[in-house]
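Accompanying notes for the structure given below.
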There are 2 protein chains.
Amino acid sequence: MQWSQLDAEACSLARTLSIMGDRWTLLILRDCFLRIRRFDDFQARLGIGRPILADRLQKLVAADILAKVPYQERPVRYEYRLTPKGLDLYPVIISLVHFGDQHLAGPEGLPVLHRHTACGNLFDPVLVCSACGEPVGPRDIVVEPGPGGRERSPVPSADAEGA
Amino acid sequence: MQWSQLDAEACSLARTLSIMGDRWTLLILRDCFLRIRRFDDFQARLGIGRPILADRLQKLVAADILAKVPYQERPVRYEYRLTPKGLDLYPVIISLVHFGDQHLAGPEGLPVLHRHTACGNLFDPVLVCSACGEPVGPRDIVVEPGPGGRERSPVPSADAEGA
DNA sequence: ATAGTCAGTGCATTTTTAGAACTGAAGTCA
DNA sequence: TGACTTCAGTTCTAAAAATGCACTGACTAT
């Protein structure tokens, strides 16, 4: 399968990864959430090659995750801002960061801490069920075919398990 | 910057992406959560090239996200199972899927639905604060330097915003 | 006139991926 | 015995993508 066909898959994960499943896109988005908005700032902070950065920003704009907005005339210069759709990626970024915090931190401890301004505490993100509010784990879910599903090889069971 | 240096960054996101920031790894992991465990099953379901699959599985085992366990003797055959560390990736997968459900579903609707077995309802994943239990959005967080942080270019402010 | 800022583009080199075929150990069929 | 099948990879070549560096173009500052 080619990468370019991935967005045609009847799988929301595959479709999402067709936009963000590369080496740099999520790092660019991390910086967007840290209020980085300009080409040279992304380039300097990430150490990414300029042609790749230009390509990724253009793709994120095409996907309506970033918007290119002028911040000055003469010469016209643009900056990149998260759209409402882009802001919805926040749980993805936070989940990825939390995994790194849990499992990939060195002996020095966590690189950054997150404080929830609403309650004032340092916190960890927890994924809960929108219906009952209880935490959701891999064994607590059953996957059912939805209206946009297409047939595939059958899956043994819908939940997951470990060792 | 080279990809191989990414895991040395003082950023949990960069470290996580050094393991999973490629085209295929998260798709392999999705199938792991669907109880797919064998080489040929991954290959057939994903349409991934066999050399790449072999490489990614080996890297996931090295990262202690999957474990290679024998399921028969003569000939000895191995299957790949999520470790406890791998199971902790569940929020990442669910967040990615949810983004696709929200923004990338076609007119036919969602490919699959998720039912929470504990409460019996179809649900969406919601990210909440471990301290107060309230939902957390991009504007509700302040980032503070942690013990493992290293200096970087200063960031304008720690929260994010949209258009 | 000269230098500097910012947002890119062009191009040659290196790395990664895609795709198909092949290996090896063992079991099954006739 | 011999041919065929299963499973988990490996080998090889061609195509695609990333890297690194220099360069352009529109303007401002001195």
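The chains in the structure tokens are called A, B, ... from first to last as shown; in each chain the residues are counted from 1, and the ligands are counted from 1 in the order shown.
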Enumerate, in order of chain and increasing residue number, the residues of stretch 5-103 of chain A with an atom no farther than 10 Å from stretch 6-24 of chain D, each with its shortest atom pair and distance in Å to one decimal, counting only C-alpha atoms (C1' of nucleotides), as CSV.
residue,atom,partner,partner_atom,distance
A:Ile48,CA,D:DT19,C1',9.1
A:Gly49,CA,D:DT19,C1',6.9
A:Arg50,CA,D:DG20,C1',9.6
A:Pro51,CA,D:DA18,C1',9.3
A:Ile52,CA,D:DA18,C1',7.6
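The residues of chain A lying at most 12 Å from chain D, with only C-alpha atoms (C1' of nucleotides) taken into account, are Gln2, Trp3, Ser4, Asp22, Arg23, Trp24, Gly47, Ile48, Gly49, Arg50, Pro51, Ile52, Leu53, Asp55, Gln72, Glu73, Arg74, Pro75, Val76 and Arg77 of chain A.
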Over every C-alpha pair, in sequence order, do a least-squares fit of chain A onto chain B and save the fitted chain as a tab-separated table (two decimals) with N, CA and C atoms, in the first residue's frame.
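So the final result, stored in part.tsv, reads:
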chain	number	residue	atom	x	y	z
A	1	MET	N	18.34	18.62	11.81
A	1	MET	CA	18.35	17.55	12.82
A	1	MET	C	18.02	16.21	12.17
A	2	GLN	N	18.67	15.19	12.64
A	2	GLN	CA	18.40	13.87	12.12
A	2	GLN	C	17.37	13.18	12.99
A	3	TRP	N	16.64	12.30	12.38
A	3	TRP	CA	15.62	11.56	13.07
A	3	TRP	C	16.21	10.78	14.24
A	4	SER	N	17.38	10.26	14.04
A	4	SER	CA	18.01	9.42	15.05
A	4	SER	C	18.39	10.16	16.32
A	5	GLN	N	18.42	11.49	16.26
A	5	GLN	CA	18.78	12.26	17.45
A	5	GLN	C	17.55	12.68	18.25
A	6	LEU	N	16.38	12.40	17.71
A	6	LEU	CA	15.17	12.94	18.30
A	6	LEU	C	14.93	12.46	19.72
A	7	ASP	N	15.34	11.22	20.00
A	7	ASP	CA	15.06	10.69	21.33
A	7	ASP	C	15.93	11.33	22.41
A	8	ALA	N	16.91	12.13	22.00
A	8	ALA	CA	17.75	12.81	22.99
A	8	ALA	C	17.17	14.17	23.37
A	9	GLU	N	16.12	14.60	22.71
A	9	GLU	CA	15.50	15.88	23.01
A	9	GLU	C	14.87	15.87	24.41
A	10	ALA	N	14.91	17.01	25.07
A	10	ALA	CA	14.26	17.12	26.38
A	10	ALA	C	12.78	17.45	26.17
A	11	CYS	N	12.10	16.58	25.44
A	11	CYS	CA	10.69	16.80	25.18
A	11	CYS	C	10.03	15.43	25.08
A	12	SER	N	9.02	15.23	25.90
A	12	SER	CA	8.38	13.92	25.93
A	12	SER	C	7.70	13.59	24.61
A	13	LEU	N	7.24	14.61	23.92
A	13	LEU	CA	6.60	14.35	22.63
A	13	LEU	C	7.64	13.87	21.63
A	14	ALA	N	8.78	14.55	21.59
A	14	ALA	CA	9.85	14.15	20.67
A	14	ALA	C	10.31	12.73	20.96
A	15	ARG	N	10.43	12.41	22.24
A	15	ARG	CA	10.88	11.06	22.59
A	15	ARG	C	9.85	10.02	22.18
A	16	THR	N	8.59	10.32	22.38
A	16	THR	CA	7.56	9.38	21.97
A	16	THR	C	7.56	9.22	20.46
A	17	LEU	N	7.69	10.32	19.75
A	17	LEU	CA	7.69	10.25	18.29
A	17	LEU	C	8.93	9.56	17.75
A	18	SER	N	10.00	9.55	18.51
A	18	SER	CA	11.18	8.83	18.03
A	18	SER	C	10.87	7.33	17.90
A	19	ILE	N	9.87	6.87	18.64
A	19	ILE	CA	9.44	5.48	18.52
A	19	ILE	C	8.28	5.33	17.53
A	20	MET	N	7.32	6.26	17.58
A	20	MET	CA	6.10	6.03	16.84
A	20	MET	C	5.83	7.03	15.72
A	21	GLY	N	6.76	7.90	15.46
A	21	GLY	CA	6.50	8.96	14.50
A	21	GLY	C	6.81	8.57	13.07
A	22	ASP	N	6.32	7.45	12.64
A	22	ASP	CA	6.53	7.12	11.24
A	22	ASP	C	5.21	6.66	10.64
A	23	ARG	N	5.27	6.33	9.39
A	23	ARG	CA	4.04	6.04	8.67
A	23	ARG	C	3.29	4.83	9.19
A	24	TRP	N	3.99	3.83	9.71
A	24	TRP	CA	3.34	2.54	9.95
A	24	TRP	C	3.16	2.15	11.40
A	25	THR	N	4.00	2.64	12.27
A	25	THR	CA	4.00	2.10	13.63
A	25	THR	C	2.65	2.19	14.34
A	26	LEU	N	1.98	3.32	14.22
A	26	LEU	CA	0.70	3.44	14.92
A	26	LEU	C	-0.38	2.56	14.31
A	27	LEU	N	-0.25	2.30	13.03
A	27	LEU	CA	-1.20	1.38	12.39
A	27	LEU	C	-0.97	-0.06	12.86
A	28	ILE	N	0.28	-0.40	13.03
A	28	ILE	CA	0.61	-1.72	13.59
A	28	ILE	C	0.03	-1.83	14.99
A	29	LEU	N	0.22	-0.78	15.76
A	29	LEU	CA	-0.29	-0.80	17.13
A	29	LEU	C	-1.82	-0.85	17.18
A	30	ARG	N	-2.47	-0.16	16.27
A	30	ARG	CA	-3.94	-0.27	16.19
A	30	ARG	C	-4.33	-1.73	16.06
A	31	ASP	N	-3.66	-2.43	15.15
A	31	ASP	CA	-3.99	-3.84	14.96
A	31	ASP	C	-3.65	-4.68	16.20
A	32	CYS	N	-2.60	-4.32	16.90
A	32	CYS	CA	-2.30	-5.02	18.15
A	32	CYS	C	-3.46	-4.90	19.13
A	33	PHE	N	-4.04	-3.71	19.21
A	33	PHE	CA	-5.18	-3.51	20.12
A	33	PHE	C	-6.42	-4.27	19.63
A	34	LEU	N	-6.42	-4.63	18.36
A	34	LEU	CA	-7.51	-5.46	17.82
A	34	LEU	C	-7.14	-6.94	17.85
A	35	ARG	N	-6.16	-7.29	18.63
A	35	ARG	CA	-5.72	-8.66	18.85
A	35	ARG	C	-5.02	-9.32	17.66
A	36	ILE	N	-4.54	-8.53	16.73
A	36	ILE	CA	-3.71	-9.11	15.68
A	36	ILE	C	-2.34	-9.31	16.30
A	37	ARG	N	-1.72	-10.47	16.01
A	37	ARG	CA	-0.46	-10.76	16.69
A	37	ARG	C	0.60	-11.37	15.81
A	38	ARG	N	0.23	-11.83	14.61
A	38	ARG	CA	1.21	-12.56	13.80
A	38	ARG	C	1.63	-11.80	12.56
A	39	PHE	N	2.88	-12.08	12.21
A	39	PHE	CA	3.52	-11.37	11.10
A	39	PHE	C	2.65	-11.32	9.84
A	40	ASP	N	2.24	-12.49	9.39
A	40	ASP	CA	1.48	-12.52	8.13
A	40	ASP	C	0.11	-11.85	8.26
A	41	ASP	N	-0.45	-11.86	9.46
A	41	ASP	CA	-1.73	-11.18	9.64
A	41	ASP	C	-1.57	-9.66	9.56
A	42	PHE	N	-0.53	-9.15	10.22
A	42	PHE	CA	-0.24	-7.73	10.09
A	42	PHE	C	-0.02	-7.38	8.61
A	43	GLN	N	0.78	-8.18	7.98
A	43	GLN	CA	1.15	-7.87	6.61
A	43	GLN	C	-0.08	-7.85	5.69
A	44	ALA	N	-0.95	-8.84	5.85
A	44	ALA	CA	-2.12	-8.92	4.98
A	44	ALA	C	-3.11	-7.79	5.27
A	45	ARG	N	-3.32	-7.48	6.56
A	45	ARG	CA	-4.30	-6.45	6.89
A	45	ARG	C	-3.81	-5.05	6.52
A	46	LEU	N	-2.53	-4.80	6.72
A	46	LEU	CA	-2.02	-3.45	6.50
A	46	LEU	C	-1.54	-3.20	5.08
A	47	GLY	N	-1.19	-4.26	4.38
A	47	GLY	CA	-0.62	-4.06	3.05
A	47	GLY	C	0.77	-3.45	3.11
A	48	ILE	N	1.41	-3.56	4.25
A	48	ILE	CA	2.75	-3.02	4.45
A	48	ILE	C	3.78	-3.96	3.82
A	49	GLY	N	4.90	-3.39	3.37
A	49	GLY	CA	5.96	-4.23	2.84
A	49	GLY	C	6.57	-5.08	3.95
A	50	ARG	N	6.93	-6.31	3.63
A	50	ARG	CA	7.44	-7.21	4.67
A	50	ARG	C	8.74	-6.71	5.31
A	51	PRO	N	9.67	-6.16	4.57
A	51	PRO	CA	10.89	-5.68	5.23
A	51	PRO	C	10.60	-4.56	6.23
A	52	ILE	N	9.67	-3.69	5.89
A	52	ILE	CA	9.35	-2.59	6.80
A	52	ILE	C	8.64	-3.13	8.03
A	53	LEU	N	7.74	-4.07	7.82
A	53	LEU	CA	7.03	-4.65	8.96
A	53	LEU	C	8.03	-5.32	9.91
A	54	ALA	N	8.95	-6.07	9.36
A	54	ALA	CA	9.94	-6.74	10.20
A	54	ALA	C	10.75	-5.72	11.00
A	55	ASP	N	11.13	-4.65	10.33
A	55	ASP	CA	11.90	-3.61	11.00
A	55	ASP	C	11.11	-2.94	12.12
A	56	ARG	N	9.85	-2.60	11.87
A	56	ARG	CA	9.03	-1.91	12.86
A	56	ARG	C	8.72	-2.80	14.06
A	57	LEU	N	8.43	-4.06	13.80
A	57	LEU	CA	8.15	-4.97	14.91
A	57	LEU	C	9.38	-5.11	15.78
A	58	GLN	N	10.52	-5.21	15.15
A	58	GLN	CA	11.75	-5.35	15.91
A	58	GLN	C	12.02	-4.11	16.75
A	59	LYS	N	11.72	-2.93	16.19
A	59	LYS	CA	11.91	-1.70	16.96
A	59	LYS	C	10.93	-1.59	18.12
A	60	LEU	N	9.70	-2.05	17.90
A	60	LEU	CA	8.71	-2.00	18.98
A	60	LEU	C	9.08	-2.97	20.09
A	61	VAL	N	9.68	-4.09	19.73
A	61	VAL	CA	10.14	-5.03	20.74
A	61	VAL	C	11.31	-4.40	21.51
A	62	ALA	N	12.23	-3.77	20.79
A	62	ALA	CA	13.36	-3.11	21.44
A	62	ALA	C	12.89	-2.01	22.39
A	63	ALA	N	11.78	-1.37	22.06
A	63	ALA	CA	11.25	-0.29	22.91
A	63	ALA	C	10.37	-0.84	24.03
A	64	ASP	N	10.24	-2.15	24.12
A	64	ASP	CA	9.42	-2.79	25.16
A	64	ASP	C	7.93	-2.43	25.05
A	65	ILE	N	7.50	-2.19	23.82
A	65	ILE	CA	6.08	-1.91	23.59
A	65	ILE	C	5.39	-3.19	23.15
A	66	LEU	N	6.11	-4.00	22.40
A	66	LEU	CA	5.62	-5.34	22.07
A	66	LEU	C	6.62	-6.36	22.63
A	67	ALA	N	6.11	-7.54	22.90
A	67	ALA	CA	6.97	-8.66	23.31
A	67	ALA	C	6.78	-9.78	22.29
A	68	LYS	N	7.90	-10.41	21.95
A	68	LYS	CA	7.88	-11.50	20.98
A	68	LYS	C	7.79	-12.80	21.77
A	69	VAL	N	6.67	-13.48	21.69
A	69	VAL	CA	6.50	-14.69	22.49
A	69	VAL	C	6.22	-15.88	21.58
A	70	PRO	N	6.86	-17.03	21.86
A	70	PRO	CA	6.64	-18.21	21.02
A	70	PRO	C	5.22	-18.74	21.23
A	71	TYR	N	4.58	-19.10	20.14
A	71	TYR	CA	3.25	-19.68	20.30
A	71	TYR	C	3.24	-21.13	19.84
A	72	GLN	N	4.35	-21.62	19.30
A	72	GLN	CA	4.47	-23.05	18.99
A	72	GLN	C	5.94	-23.42	18.87
A	73	GLU	N	6.24	-24.69	19.10
A	73	GLU	CA	7.57	-25.24	18.84
A	73	GLU	C	7.47	-25.95	17.49
A	74	ARG	N	8.62	-26.28	16.94
A	74	ARG	CA	8.77	-27.00	15.68
A	74	ARG	C	7.74	-26.72	14.61
A	75	PRO	N	8.01	-25.73	13.77
A	75	PRO	CA	9.11	-24.79	13.98
A	75	PRO	C	8.70	-23.75	15.01
A	76	VAL	N	9.69	-23.18	15.68
A	76	VAL	CA	9.36	-22.14	16.66
A	76	VAL	C	8.80	-20.94	15.91
A	77	ARG	N	7.63	-20.54	16.31
A	77	ARG	CA	7.01	-19.37	15.71
A	77	ARG	C	6.67	-18.39	16.81
A	78	TYR	N	6.85	-17.11	16.47
A	78	TYR	CA	6.62	-16.08	17.48
A	78	TYR	C	5.43	-15.21	17.12
A	79	GLU	N	4.79	-14.68	18.12
A	79	GLU	CA	3.78	-13.66	17.89
A	79	GLU	C	4.12	-12.45	18.75
A	80	TYR	N	3.50	-11.34	18.41
A	80	TYR	CA	3.82	-10.07	19.04
A	80	TYR	C	2.65	-9.63	19.89
A	81	ARG	N	2.93	-9.36	21.17
A	81	ARG	CA	1.87	-8.95	22.08
A	81	ARG	C	2.23	-7.65	22.76
A	82	LEU	N	1.22	-6.87	23.04
A	82	LEU	CA	1.43	-5.62	23.76
A	82	LEU	C	1.93	-5.90	25.16
A	83	THR	N	2.95	-5.19	25.57
A	83	THR	CA	3.41	-5.23	26.96
A	83	THR	C	2.57	-4.25	27.77
A	84	PRO	N	2.73	-4.22	29.09
A	84	PRO	CA	2.03	-3.19	29.88
A	84	PRO	C	2.36	-1.78	29.38
A	85	LYS	N	3.61	-1.58	29.02
A	85	LYS	CA	3.99	-0.27	28.46
A	85	LYS	C	3.23	0.00	27.16
A	86	GLY	N	3.13	-1.02	26.33
A	86	GLY	CA	2.38	-0.86	25.09
A	86	GLY	C	0.91	-0.55	25.34
A	87	LEU	N	0.34	-1.19	26.34
A	87	LEU	CA	-1.07	-0.93	26.66
A	87	LEU	C	-1.30	0.52	27.06
A	88	ASP	N	-0.26	1.14	27.61
A	88	ASP	CA	-0.39	2.55	27.98
A	88	ASP	C	-0.51	3.48	26.78
A	89	LEU	N	-0.32	2.93	25.59
A	89	LEU	CA	-0.50	3.75	24.40
A	89	LEU	C	-1.97	3.89	24.00
A	90	TYR	N	-2.82	3.20	24.74
A	90	TYR	CA	-4.23	3.22	24.36
A	90	TYR	C	-4.82	4.62	24.22
A	91	PRO	N	-4.57	5.52	25.16
A	91	PRO	CA	-5.12	6.88	24.99
A	91	PRO	C	-4.64	7.57	23.72
A	92	VAL	N	-3.42	7.29	23.30
A	92	VAL	CA	-2.91	7.88	22.07
A	92	VAL	C	-3.73	7.41	20.88
A	93	ILE	N	-3.91	6.10	20.79
A	93	ILE	CA	-4.67	5.54	19.68
A	93	ILE	C	-6.11	6.07	19.68
A	94	ILE	N	-6.74	6.04	20.85
A	94	ILE	CA	-8.13	6.49	20.95
A	94	ILE	C	-8.27	7.98	20.58
A	95	SER	N	-7.31	8.78	21.00
A	95	SER	CA	-7.37	10.21	20.67
A	95	SER	C	-7.25	10.45	19.17
A	96	LEU	N	-6.35	9.70	18.57
A	96	LEU	CA	-6.16	9.81	17.12
A	96	LEU	C	-7.43	9.36	16.38
A	97	VAL	N	-8.01	8.26	16.83
A	97	VAL	CA	-9.24	7.77	16.21
A	97	VAL	C	-10.36	8.79	16.38
A	98	HIS	N	-10.43	9.36	17.57
A	98	HIS	CA	-11.51	10.31	17.82
A	98	HIS	C	-11.39	11.55	16.95
A	99	PHE	N	-10.18	12.00	16.74
A	99	PHE	CA	-9.99	13.14	15.83
A	99	PHE	C	-10.49	12.78	14.42
A	100	GLY	N	-10.14	11.60	13.96
A	100	GLY	CA	-10.61	11.16	12.65
A	100	GLY	C	-12.13	11.05	12.62
A	101	ASP	N	-12.71	10.55	13.69
A	101	ASP	CA	-14.17	10.45	13.76
A	101	ASP	C	-14.82	11.83	13.67
A	102	GLN	N	-14.23	12.79	14.39
A	102	GLN	CA	-14.81	14.13	14.41
A	102	GLN	C	-14.70	14.84	13.08
A	103	HIS	N	-13.51	14.70	12.45
A	103	HIS	CA	-13.21	15.61	11.34
A	103	HIS	C	-12.97	14.95	10.00
A	104	LEU	N	-12.75	13.66	9.97
A	104	LEU	CA	-12.32	13.05	8.72
A	104	LEU	C	-13.29	11.99	8.21
A	105	ALA	N	-14.42	11.80	8.90
A	105	ALA	CA	-15.37	10.79	8.44
A	105	ALA	C	-16.05	11.27	7.16
A	106	GLY	N	-16.33	10.35	6.26
A	106	GLY	CA	-17.02	10.70	5.02
A	106	GLY	C	-18.51	10.81	5.28
A	107	PRO	N	-19.28	11.04	4.23
A	107	PRO	CA	-20.73	11.19	4.37
A	107	PRO	C	-21.42	9.91	4.86
A	108	GLU	N	-20.74	8.78	4.75
A	108	GLU	CA	-21.34	7.52	5.19
A	108	GLU	C	-21.38	7.41	6.71
A	109	GLY	N	-20.63	8.24	7.39
A	109	GLY	CA	-20.63	8.16	8.85
A	109	GLY	C	-19.39	7.47	9.37
A	110	LEU	N	-19.38	7.17	10.65
A	110	LEU	CA	-18.20	6.61	11.29
A	110	LEU	C	-17.96	5.16	10.88
A	111	PRO	N	-16.70	4.80	10.66
A	111	PRO	CA	-16.36	3.41	10.31
A	111	PRO	C	-16.71	2.44	11.43
A	112	VAL	N	-16.40	2.81	12.67
A	112	VAL	CA	-16.73	1.93	13.79
A	112	VAL	C	-17.24	2.77	14.96
A	113	LEU	N	-17.98	2.14	15.83
A	113	LEU	CA	-18.48	2.79	17.03
A	113	LEU	C	-17.85	2.11	18.23
A	114	HIS	N	-17.69	2.86	19.31
A	114	HIS	CA	-17.07	2.31	20.51
A	114	HIS	C	-18.08	2.26	21.65
A	115	ARG	N	-18.21	1.08	22.21
A	115	ARG	CA	-19.11	0.92	23.34
A	115	ARG	C	-18.31	0.65	24.60
A	116	HIS	N	-18.64	1.35	25.66
A	116	HIS	CA	-17.96	1.18	26.94
A	116	HIS	C	-18.65	0.05	27.69
A	117	THR	N	-17.94	-1.05	27.89
A	117	THR	CA	-18.60	-2.21	28.50
A	117	THR	C	-19.02	-1.94	29.94
A	118	ALA	N	-18.30	-1.08	30.64
A	118	ALA	CA	-18.63	-0.81	32.03
A	118	ALA	C	-20.02	-0.19	32.17
A	119	CYS	N	-20.36	0.75	31.26
A	119	CYS	CA	-21.66	1.41	31.40
A	119	CYS	C	-22.63	1.03	30.29
A	120	GLY	N	-22.11	0.36	29.25
A	120	GLY	CA	-23.00	-0.11	28.19
A	120	GLY	C	-23.31	0.89	27.10
A	121	ASN	N	-22.80	2.12	27.20
A	121	ASN	CA	-23.14	3.14	26.21
A	121	ASN	C	-22.08	3.30	25.12
A	122	LEU	N	-22.54	3.75	23.96
A	122	LEU	CA	-21.62	4.26	22.95
A	122	LEU	C	-21.07	5.55	23.52
A	123	PHE	N	-19.77	5.81	23.24
A	123	PHE	CA	-19.18	6.97	23.90
A	123	PHE	C	-18.11	7.62	23.05
A	124	ASP	N	-17.73	8.81	23.47
A	124	ASP	CA	-16.54	9.49	22.96
A	124	ASP	C	-15.54	9.59	24.10
A	125	PRO	N	-14.24	9.57	23.76
A	125	PRO	CA	-13.24	9.75	24.80
A	125	PRO	C	-13.13	11.22	25.18
A	126	VAL	N	-13.03	11.50	26.44
A	126	VAL	CA	-12.88	12.88	26.94
A	126	VAL	C	-11.65	12.92	27.82
A	127	LEU	N	-10.85	13.95	27.62
A	127	LEU	CA	-9.63	14.08	28.41
A	127	LEU	C	-9.91	14.95	29.62
A	128	VAL	N	-9.69	14.42	30.81
A	128	VAL	CA	-9.95	15.21	32.01
A	128	VAL	C	-8.69	15.32	32.87
A	129	CYS	N	-8.75	16.25	33.79
A	129	CYS	CA	-7.66	16.53	34.73
A	129	CYS	C	-7.68	15.48	35.84
A	130	SER	N	-6.52	14.89	36.12
A	130	SER	CA	-6.46	13.86	37.17
A	130	SER	C	-6.73	14.45	38.55
A	131	ALA	N	-6.54	15.75	38.70
A	131	ALA	CA	-6.73	16.36	40.01
A	131	ALA	C	-8.19	16.72	40.28
A	132	CYS	N	-8.84	17.35	39.30
A	132	CYS	CA	-10.20	17.82	39.58
A	132	CYS	C	-11.27	17.10	38.76
A	133	GLY	N	-10.86	16.34	37.77
A	133	GLY	CA	-11.84	15.59	36.99
A	133	GLY	C	-12.56	16.38	35.91
A	134	GLU	N	-12.23	17.66	35.76
A	134	GLU	CA	-12.88	18.46	34.72
A	134	GLU	C	-12.16	18.30	33.39
A	135	PRO	N	-12.88	18.44	32.27
A	135	PRO	CA	-12.23	18.37	30.96
A	135	PRO	C	-11.13	19.41	30.80
A	136	VAL	N	-10.10	19.05	30.07
A	136	VAL	CA	-8.94	19.91	29.89
A	136	VAL	C	-8.82	20.31	28.43
A	137	GLY	N	-8.74	21.60	28.17
A	137	GLY	CA	-8.57	22.09	26.80
A	137	GLY	C	-7.25	22.80	26.66
A	138	PRO	N	-6.89	23.18	25.43
A	138	PRO	CA	-5.59	23.80	25.18
A	138	PRO	C	-5.38	25.11	25.94
A	139	ARG	N	-6.44	25.80	26.27
A	139	ARG	CA	-6.27	27.08	26.96
A	139	ARG	C	-6.29	26.94	28.48
A	140	ASP	N	-6.43	25.72	28.97
A	140	ASP	CA	-6.58	25.52	30.41
A	140	ASP	C	-5.29	25.08	31.08
A	141	ILE	N	-4.19	25.12	30.35
A	141	ILE	CA	-2.96	24.56	30.89
A	141	ILE	C	-1.83	25.57	30.88
A	142	VAL	N	-1.03	25.56	31.93
A	142	VAL	CA	0.21	26.32	31.96
A	142	VAL	C	1.34	25.30	32.03
A	143	VAL	N	2.34	25.49	31.18
A	143	VAL	CA	3.48	24.60	31.18
A	143	VAL	C	4.57	25.19	32.07
A	144	GLU	N	5.09	24.39	32.97
A	144	GLU	CA	6.17	24.86	33.85
A	144	GLU	C	7.39	23.97	33.65
A	145	PRO	N	8.58	24.55	33.79
A	145	PRO	CA	9.77	23.71	33.63
A	145	PRO	C	9.81	22.62	34.70
A	146	GLY	N	10.18	21.41	34.29
A	146	GLY	CA	10.28	20.30	35.23
A	146	GLY	C	11.75	20.01	35.53
A	147	PRO	N	12.00	19.05	36.39
A	147	PRO	CA	13.38	18.73	36.79
A	147	PRO	C	14.25	18.26	35.62
A	148	GLY	N	13.65	17.62	34.62
A	148	GLY	CA	14.45	17.13	33.50
A	148	GLY	C	14.51	18.10	32.34
A	149	GLY	N	14.09	19.33	32.56
A	149	GLY	CA	14.07	20.30	31.47
A	149	GLY	C	15.45	20.85	31.17
A	150	ARG	N	15.60	21.31	29.94
A	150	ARG	CA	16.83	22.01	29.57
A	150	ARG	C	16.39	23.31	28.93
A	151	GLU	N	17.25	24.31	28.96
A	151	GLU	CA	16.86	25.60	28.40
A	151	GLU	C	16.73	25.55	26.90
A	152	ARG	N	15.87	26.37	26.43
A	152	ARG	CA	15.49	26.50	25.04
A	152	ARG	C	15.14	27.94	24.79
A	153	SER	N	14.85	28.26	23.58
A	153	SER	CA	14.35	29.59	23.30
A	153	SER	C	13.07	29.80	24.08
A	154	PRO	N	12.90	31.00	24.66
A	154	PRO	CA	11.72	31.23	25.49
A	154	PRO	C	10.44	31.16	24.67
A	155	VAL	N	9.41	30.76	25.34
A	155	VAL	CA	8.13	30.59	24.69
A	155	VAL	C	7.23	31.74	25.15
A	156	PRO	N	6.50	32.35	24.26
A	156	PRO	CA	5.72	33.54	24.58
A	156	PRO	C	4.79	33.35	25.77
A	157	SER	N	4.08	32.25	25.78
A	157	SER	CA	3.15	31.95	26.86
A	157	SER	C	2.85	30.48	26.74
A	158	ALA	N	2.42	29.90	27.83
A	158	ALA	CA	2.36	28.45	27.82
A	158	ALA	C	1.06	27.87	27.31
A	159	ASP	N	0.04	28.68	27.19
A	159	ASP	CA	-1.20	28.11	26.66
A	159	ASP	C	-1.31	28.39	25.17
A	160	ALA	N	-2.35	27.88	24.59
A	160	ALA	CA	-2.46	27.99	23.14
A	160	ALA	C	-3.75	28.71	22.78
A	161	GLU	N	-3.88	29.06	21.55
A	161	GLU	CA	-5.15	29.63	21.14
A	161	GLU	C	-5.36	29.42	19.65
A	162	GLY	N	-6.55	29.76	19.22
A	162	GLY	CA	-6.90	29.46	17.83
A	162	GLY	C	-6.93	30.69	16.97
A	163	ALA	N	-7.84	30.72	16.01
A	163	ALA	CA	-7.97	31.85	15.10
A	163	ALA	C	-8.05	33.14	15.87
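Nearest-residue note for chain A: choosing from C:DC6, C:DC11, C:DA21, C:DA30, the minimum distance belongs to C:DC6, counting only C-alpha atoms (C1' of nucleotides).
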- [ ] When you get a sec, could you note down which chain C residues fall within 12 Å of chain B, using only C-alpha atoms (C1' of nucleotides), as number ranges by chain?
- [x] C: 15-21, 24-27
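Inside stretch 1-160 of chain A, the residues DSSP reads as strand (DSSP E) when given the backbone are A:Leu66, A:Ala67, A:Lys68, A:Val69, A:Pro70, A:Tyr71, A:Gln72, A:Arg77, A:Tyr78, A:Glu79, A:Tyr80, A:Arg81, A:Leu82, A:Val112, A:Leu113, A:His114, A:Arg115, A:His116, A:Pro125, A:Val126, A:Leu127, A:Val128, A:Cys129, A:Ile141, A:Val142, A:Val143, A:Glu144, A:Pro145.
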